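Undergrad: Here you go, input-v8.pdb (PDB, C-alpha atoms):
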ATOM      1  CA  MET V   1     112.000 114.328  79.109  1.00  0.00           C
ATOM      2  CA  THR V   2     113.399 115.334  82.481  1.00  0.00           C
ATOM      3  CA  LYS V   3     111.216 114.653  85.523  1.00  0.00           C
ATOM      4  CA  VAL V   4     111.690 115.772  89.119  1.00  0.00           C
ATOM      5  CA  LEU V   5     111.428 112.795  91.459  1.00  0.00           C
ATOM      6  CA  ALA V   6     111.468 112.355  95.212  1.00  0.00           C
ATOM      7  CA  GLY V   7     111.536 109.178  97.242  1.00  0.00           C
ATOM      8  CA  ILE V   8     111.665 108.421 100.942  1.00  0.00           C
ATOM      9  CA  THR V   9     111.360 105.419 103.208  1.00  0.00           C
ATOM     10  CA  THR V  10     108.762 105.415 105.983  1.00  0.00           C
ATOM     11  CA  SER V  11     107.678 103.036 108.702  1.00  0.00           C
ATOM     12  CA  VAL V  12     104.186 101.540 108.673  1.00  0.00           C
ATOM     13  CA  ASP V  13     103.217 104.127 111.312  1.00  0.00           C
ATOM     14  CA  GLY V  14     104.459 106.965 109.107  1.00  0.00           C
ATOM     15  CA  TYR V  15     107.893 107.883 110.484  1.00  0.00           C
ATOM     16  CA  VAL V  16     110.852 108.601 108.183  1.00  0.00           C
ATOM     17  CA  ALA V  17     113.268 108.720 111.138  1.00  0.00           C
ATOM     18  CA  GLY V  18     113.034 107.324 114.641  1.00  0.00           C
ATOM     19  CA  PRO V  19     113.151 109.419 117.811  1.00  0.00           C
ATOM     20  CA  ASP V  20     116.288 111.423 118.623  1.00  0.00           C
ATOM     21  CA  ASP V  21     117.744 111.755 115.116  1.00  0.00           C
ATOM     22  CA  ARG V  22     121.106 113.519 115.338  1.00  0.00           C
ATOM     23  CA  PRO V  23     124.553 113.707 113.727  1.00  0.00           C
ATOM     24  CA  GLY V  24     126.013 110.229 113.548  1.00  0.00           C
ATOM     25  CA  GLN V  25     122.527 108.735 113.881  1.00  0.00           C
ATOM     26  CA  GLY V  26     120.548 110.480 111.172  1.00  0.00           C
ATOM     27  CA  LEU V  27     117.742 107.926 111.164  1.00  0.00           C
ATOM     28  CA  GLY V  28     117.214 108.212 114.938  1.00  0.00           C
ATOM     29  CA  GLU V  29     116.767 105.444 117.476  1.00  0.00           C
ATOM     30  CA  GLY V  30     115.886 102.230 115.627  1.00  0.00           C
ATOM     31  CA  GLY V  31     115.642 104.039 112.316  1.00  0.00           C
ATOM     32  CA  GLU V  32     118.246 101.827 110.674  1.00  0.00           C
ATOM     33  CA  ARG V  33     115.437  99.290 110.237  1.00  0.00           C
ATOM     34  CA  LEU V  34     113.901 101.616 107.644  1.00  0.00           C
ATOM     35  CA  HIS V  35     116.810 100.969 105.288  1.00  0.00           C
ATOM     36  CA  TYR V  36     117.309  97.225 105.569  1.00  0.00           C
ATOM     37  CA  TRP V  37     116.136  97.174 101.939  1.00  0.00           C
ATOM     38  CA  VAL V  38     119.172  99.225 100.861  1.00  0.00           C
ATOM     39  CA  PHE V  39     121.720  96.980 102.565  1.00  0.00           C
ATOM     40  CA  GLY V  40     120.137  93.562 102.111  1.00  0.00           C
ATOM     41  CA  GLY V  41     119.190  93.087 105.749  1.00  0.00           C
ATOM     42  CA  PRO V  42     119.865  94.211 109.313  1.00  0.00           C
ATOM     43  CA  TRP V  43     122.521  96.775 110.168  1.00  0.00           C
ATOM     44  CA  THR V  44     123.060  99.306 112.937  1.00  0.00           C
ATOM     45  CA  TYR V  45     125.093 102.449 113.413  1.00  0.00           C
ATOM     46  CA  ASP V  46     127.391 100.396 115.641  1.00  0.00           C
ATOM     47  CA  ASN V  47     127.782  97.588 113.062  1.00  0.00           C
ATOM     48  CA  GLU V  48     127.904  99.162 109.628  1.00  0.00           C
ATOM     49  CA  PRO V  49     126.222  97.361 106.733  1.00  0.00           C
ATOM     50  CA  GLU V  50     128.217  94.806 104.805  1.00  0.00           C
ATOM     51  CA  GLY V  51     125.766  93.825 102.095  1.00  0.00           C
ATOM     52  CA  GLY V  52     123.748  95.498  99.423  1.00  0.00           C
ATOM     53  CA  ALA V  53     120.290  95.571  97.958  1.00  0.00           C
ATOM     54  CA  SER V  54     119.060  92.473  96.146  1.00  0.00           C
ATOM     55  CA  GLY V  55     115.965  91.283  94.287  1.00  0.00           C
ATOM     56  CA  GLU V  56     113.204  93.875  93.924  1.00  0.00           C
ATOM     57  CA  ASP V  57     115.127  96.312  96.156  1.00  0.00           C
ATOM     58  CA  ALA V  58     118.105  96.267  93.807  1.00  0.00           C
ATOM     59  CA  ALA V  59     115.818  96.435  90.756  1.00  0.00           C
ATOM     60  CA  TRP V  60     114.163  99.609  92.065  1.00  0.00           C
ATOM     61  CA  LEU V  61     117.530 101.206  92.833  1.00  0.00           C
ATOM     62  CA  GLN V  62     118.899 100.235  89.405  1.00  0.00           C
ATOM     63  CA  GLU V  63     115.879 101.689  87.629  1.00  0.00           C
ATOM     64  CA  VAL V  64     116.140 104.984  89.524  1.00  0.00           C
ATOM     65  CA  MET V  65     119.919 105.197  89.084  1.00  0.00           C
ATOM     66  CA  SER V  66     119.730 104.476  85.342  1.00  0.00           C
ATOM     67  CA  ARG V  67     117.414 107.477  84.884  1.00  0.00           C
ATOM     68  CA  LEU V  68     119.346 109.766  87.241  1.00  0.00           C
ATOM     69  CA  GLY V  69     120.840 112.888  85.703  1.00  0.00           C
ATOM     70  CA  ALA V  70     121.202 115.120  88.775  1.00  0.00           C
ATOM     71  CA  VAL V  71     120.599 115.044  92.531  1.00  0.00           C
ATOM     72  CA  VAL V  72     119.526 118.023  94.577  1.00  0.00           C
ATOM     73  CA  SER V  73     119.741 118.033  98.365  1.00  0.00           C
ATOM     74  CA  GLY V  74     120.024 120.471 101.196  1.00  0.00           C
ATOM     75  CA  ARG V  75     118.555 123.803 102.202  1.00  0.00           C
ATOM     76  CA  TRP V  76     118.585 125.442  98.775  1.00  0.00           C
ATOM     77  CA  THR V  77     116.764 122.616  97.008  1.00  0.00           C
ATOM     78  CA  TYR V  78     114.135 124.579  95.172  1.00  0.00           C
ATOM     79  CA  GLU V  79     116.519 127.333  94.108  1.00  0.00           C
ATOM     80  CA  ALA V  80     118.729 124.588  92.548  1.00  0.00           C
ATOM     81  CA  VAL V  81     116.042 122.534  90.740  1.00  0.00           C
ATOM     82  CA  ALA V  82     116.022 124.625  87.537  1.00  0.00           C
ATOM     83  CA  ARG V  83     119.810 124.325  87.248  1.00  0.00           C
ATOM     84  CA  ALA V  84     119.655 120.602  88.030  1.00  0.00           C
ATOM     85  CA  LYS V  85     117.089 120.068  85.245  1.00  0.00           C
ATOM     86  CA  GLU V  86     119.461 121.750  82.821  1.00  0.00           C
ATOM     87  CA  ALA V  87     122.392 119.650  84.065  1.00  0.00           C
ATOM     88  CA  ALA V  88     120.364 116.428  83.881  1.00  0.00           C
ATOM     89  CA  GLY V  89     119.763 116.733  80.151  1.00  0.00           C
ATOM     90  CA  ASP V  90     117.143 114.124  79.258  1.00  0.00           C
ATOM     91  CA  LYS V  91     117.546 112.250  82.547  1.00  0.00           C
ATOM     92  CA  ASP V  92     115.716 112.779  85.832  1.00  0.00           C
ATOM     93  CA  VAL V  93     116.419 115.010  88.816  1.00  0.00           C
ATOM     94  CA  HIS V  94     116.063 113.350  92.213  1.00  0.00           C
ATOM     95  CA  ILE V  95     115.365 115.442  95.295  1.00  0.00           C
ATOM     96  CA  MET V  96     117.000 114.006  98.411  1.00  0.00           C
ATOM     97  CA  GLY V  97     117.737 115.267 101.847  1.00  0.00           C
ATOM     98  CA  GLY V  98     115.075 113.889 104.151  1.00  0.00           C
ATOM     99  CA  ALA V  99     111.563 114.792 105.183  1.00  0.00           C
ATOM    100  CA  ASP V 100     112.037 118.557 105.453  1.00  0.00           C
ATOM    101  CA  VAL V 101     113.530 118.995 101.990  1.00  0.00           C
ATOM    102  CA  ILE V 102     111.063 116.682 100.244  1.00  0.00           C
ATOM    103  CA  ARG V 103     108.122 118.302 102.065  1.00  0.00           C
ATOM    104  CA  GLN V 104     109.304 121.765 100.958  1.00  0.00           C
ATOM    105  CA  ALA V 105     109.723 120.606  97.351  1.00  0.00           C
ATOM    106  CA  LEU V 106     106.220 119.105  97.385  1.00  0.00           C
ATOM    107  CA  GLU V 107     104.844 122.289  98.929  1.00  0.00           C
ATOM    108  CA  ALA V 108     106.508 124.329  96.173  1.00  0.00           C
ATOM    109  CA  GLY V 109     104.976 122.116  93.463  1.00  0.00           C
ATOM    110  CA  LEU V 110     108.350 120.913  92.165  1.00  0.00           C
ATOM    111  CA  VAL V 111     107.936 117.135  92.511  1.00  0.00           C
ATOM    112  CA  GLU V 112     106.420 115.287  89.568  1.00  0.00           C
ATOM    113  CA  GLU V 113     106.759 111.729  90.895  1.00  0.00           C
ATOM    114  CA  LEU V 114     106.903 110.594  94.511  1.00  0.00           C
ATOM    115  CA  THR V 115     107.938 107.161  95.745  1.00  0.00           C
ATOM    116  CA  ILE V 116     106.956 106.169  99.248  1.00  0.00           C
ATOM    117  CA  ILE V 117     108.950 103.140 100.383  1.00  0.00           C
ATOM    118  CA  VAL V 118     107.231 101.426 103.309  1.00  0.00           C
ATOM    119  CA  ALA V 119     109.472  99.371 105.597  1.00  0.00           C
ATOM    120  CA  PRO V 120     107.698  96.625 107.577  1.00  0.00           C
ATOM    121  CA  VAL V 121     108.457  98.193 110.953  1.00  0.00           C
ATOM    122  CA  VAL V 122     106.628 100.326 113.509  1.00  0.00           C
ATOM    123  CA  LEU V 123     108.902 102.969 115.064  1.00  0.00           C
ATOM    124  CA  GLY V 124     106.372 104.434 117.497  1.00  0.00           C
ATOM    125  CA  GLY V 125     107.754 107.956 117.216  1.00  0.00           C
ATOM    126  CA  GLY V 126     110.171 110.188 115.360  1.00  0.00           C
ATOM    127  CA  LYS V 127     109.911 112.453 112.334  1.00  0.00           C
ATOM    128  CA  ARG V 128     107.058 112.250 109.797  1.00  0.00           C
ATOM    129  CA  LEU V 129     107.230 113.299 106.150  1.00  0.00           C
ATOM    130  CA  PHE V 130     104.009 115.312 106.165  1.00  0.00           C
ATOM    131  CA  ASP V 131     104.180 117.024 109.593  1.00  0.00           C
ATOM    132  CA  GLY V 132     103.150 120.639 109.030  1.00  0.00           C
ATOM    133  CA  PHE V 133     102.301 120.070 105.350  1.00  0.00           C
ATOM    134  CA  SER V 134      99.515 122.444 104.353  1.00  0.00           C
ATOM    135  CA  ARG V 135      98.947 121.747 100.660  1.00  0.00           C
ATOM    136  CA  SER V 136      96.391 119.306  99.257  1.00  0.00           C
ATOM    137  CA  LEU V 137      97.876 116.877  96.725  1.00  0.00           C
ATOM    138  CA  GLU V 138      96.228 114.480  94.342  1.00  0.00           C
ATOM    139  CA  LEU V 139      98.370 111.457  93.558  1.00  0.00           C
ATOM    140  CA  GLU V 140      97.987 108.944  90.742  1.00  0.00           C
ATOM    141  CA  HIS V 141      99.240 105.442  91.481  1.00  0.00           C
ATOM    142  CA  ILE V 142     101.763 104.458  88.780  1.00  0.00           C
ATOM    143  CA  GLY V 143     103.681 101.499  90.204  1.00  0.00           C
ATOM    144  CA  LEU V 144     104.225  98.995  92.973  1.00  0.00           C
ATOM    145  CA  ARG V 145     107.086  96.675  93.941  1.00  0.00           C
ATOM    146  CA  GLN V 146     107.481  94.490  96.966  1.00  0.00           C
ATOM    147  CA  SER V 147     110.333  92.695  98.713  1.00  0.00           C
ATOM    148  CA  PRO V 148     110.833  91.152 102.152  1.00  0.00           C
ATOM    149  CA  HIS V 149     112.321  94.471 103.307  1.00  0.00           C
ATOM    150  CA  ALA V 150     110.035  97.090 101.688  1.00  0.00           C
ATOM    151  CA  THR V 151     107.033  97.962  99.556  1.00  0.00           C
ATOM    152  CA  PHE V 152     107.686 100.634  96.914  1.00  0.00           C
ATOM    153  CA  ILE V 153     104.663 102.724  95.941  1.00  0.00           C
ATOM    154  CA  ASP V 154     105.153 105.101  93.014  1.00  0.00           C
ATOM    155  CA  TYR V 155     102.852 108.074  92.498  1.00  0.00           C
ATOM    156  CA  ARG V 156     102.527 110.817  89.900  1.00  0.00           C
ATOM    157  CA  VAL V 157     101.839 114.157  91.591  1.00  0.00           C
ATOM    158  CA  LYS V 158      98.856 115.521  89.690  1.00  0.00           C
ATOM    159  CA  ASN V 159      98.587 119.063  91.100  1.00  0.00           C
TER
END
Please rewrite the model in this file as structure tokens.

TA:
Amino acid sequence: MTKVLAGITTSVDGYVAGPDDRPGQGLGEGGERLHYWVFGGPWTYDNEPEGGASGEDAAWLQEVMSRLGAVVSGRWTYEAVARAKEAAGDKDVHIMGGADVIRQALEAGLVEELTIIVAPVVLGGGKRLFDGFSRSLELEHIGLRQSPHATFIDYRVKN
């Protein structure tokens, strides 16, 4: 059965991008540290990553990718979800595109499972996933993974 998933990486202090996110530096100042788990360790916009995920990080990515049937991202996310579910067949639809898109999909009640990936870093400022979010959500904890670079917390969105 097709599920609509969303996942995003956040700092311990709740930021999904550092200050001054912009073209060419989409994760903001210092935000690269959020995604060390994806690239197997440190990288910067000036020194592009050379490695890849390993251990629990790679296992989480592999699990998500093996279930992936369609990806929806961008401004028209919720208008495209119904078509993406059809295209995905019996696989999952993953909503991507950053805090704004995921927040809008949650607000619209489209997300069935949400993964919050917590990077062991404090950014001190930037963009938060739930800034301006007005809906109350009840989440059911359904999974947990941990690596040196991240803690993956999986939730079922109950309402």

Undergrad: Would you mind listing what lies within 12 Å of Leu61 of chain V as a PyMOL selection string, with all atoms listed in the file counted and same-chain residues fewer than 3 positions away left out?

TA: chain V and resi 7+37-39+52-58+64-68+115+117+145+152

Undergrad: In Å, with one decimal, what is the gap from atom CA of Pro49 of chain V to atom CA of Ile102 of chain V?

TA: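 Computing the Euclidean distance for atom CA of Pro49 of chain V and atom CA of Ile102 of chain V yields 25.4 Å.
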
Undergrad: At what distance in Å, to one decimal, does atom CA of Asp92 of chain V lie from atom CA of Val157 of chain V?

TA: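 Value for the atom CA of Val157 of chain V-atom CA of Asp92 of chain V distance: 15.1 Å.
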
Undergrad: Can you pull out the residues contacting Val122 of chain V? Cut-off 10 Å, using only C-alpha atoms, and skip same-chain residues under 5 positions away; I want them as a PyMOL selection string.

TA: chain V and resi 10-15+18+30-31+33-34

Undergrad: I'd like the contact shell of Lys158 of chain V - 12 Å cut-off, all atoms listed in the file, skipping same-chain residues fewer than 2 positions apart - returned as a compact mmCIF listing (two decimals) with C-alpha atoms, in the frame of the given file.

TA:
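Written output follows (part_35.txt):
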# COMPACT_ATOMS: atom_id res chain seq x y z
CA LEU V 106 106.22 119.10 97.38
CA GLY V 109 104.98 122.12 93.46
CA LEU V 110 108.35 120.91 92.16
CA VAL V 111 107.94 117.14 92.51
CA GLU V 112 106.42 115.29 89.57
CA GLU V 113 106.76 111.73 90.90
CA LEU V 114 106.90 110.59 94.51
CA SER V 136 96.39 119.31 99.26
CA LEU V 137 97.88 116.88 96.72
CA GLU V 138 96.23 114.48 94.34
CA LEU V 139 98.37 111.46 93.56
CA GLU V 140 97.99 108.94 90.74
CA HIS V 141 99.24 105.44 91.48
CA ILE V 142 101.76 104.46 88.78
CA TYR V 155 102.85 108.07 92.50
CA ARG V 156 102.53 110.82 89.90

Undergrad: Taking into account all atoms listed in the file, which residue in the set V:Ala150, V:Val72, V:Ala99, V:Ala87 is nearest to Phe130 of chain V?

TA: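 That would be V:Ala99, the residue with the smallest distance to Phe130 of chain V.
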
Undergrad: Identify the residues within 8 Å of coordinate (110.9, 106.1, 118.0) (same frame as the file), considering all atoms listed in the file, and give the answer as a count of residues only.

TA: 12

Undergrad: To one decimal place, how far is atom CA of Asp90 of chain V from atom CA of Ala59 of chain V in Å?

TA: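 Atom CA of Ala59 of chain V lies 21.1 Å from atom CA of Asp90 of chain V.
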
Undergrad: With only C-alpha atoms as the basis for distance, which of V:Asn159, V:Gln62, V:Thr2, V:Ser134 is at the shortest distance from Val81 of chain V?

TA: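 Answer, going by the shortest atom-to-atom distance: V:Thr2.
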
Undergrad: Identify which of the residues V:Gly143, V:Ala105, V:Ala70, V:Ala84 lies closest to Leu129 of chain V, counting only C-alpha atoms when measuring atom-to-atom distances.

TA: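 Counting only C-alpha atoms, the residue closest to Leu129 of chain V is V:Ala105.
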
Undergrad: Need the axis-aligned box for segment 26-40 of chain V with 8 Å each side, so what are the centre and edges in Å to one decimal, as AutoDock Vina command-line options?

TA:
--center_x 117.8 --center_y 102.0 --center_z 109.2 --size_x 23.8 --size_y 32.9 --size_z 32.6

Undergrad: Which residue, V:Val4, V:Val93, V:Ala88, V:Val121, has the smallest gap to Val16 of chain V when you use all atoms listed in the file?

TA: V:Val121

Undergrad: With distances taken over only C-alpha atoms, which of V:Asp21, V:Glu86, V:Glu50, V:Asp154 is nearest to Gly98 of chain V?

TA: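 When distances to Gly98 of chain V are compared using only C-alpha atoms, the smallest one comes from V:Asp21.
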
Undergrad: Find the residue from V:Val71, V:Trp60, V:Glu32, V:Met96 that sits nearest to Asn47 of chain V; use only C-alpha atoms when measuring.

TA: V:Glu32
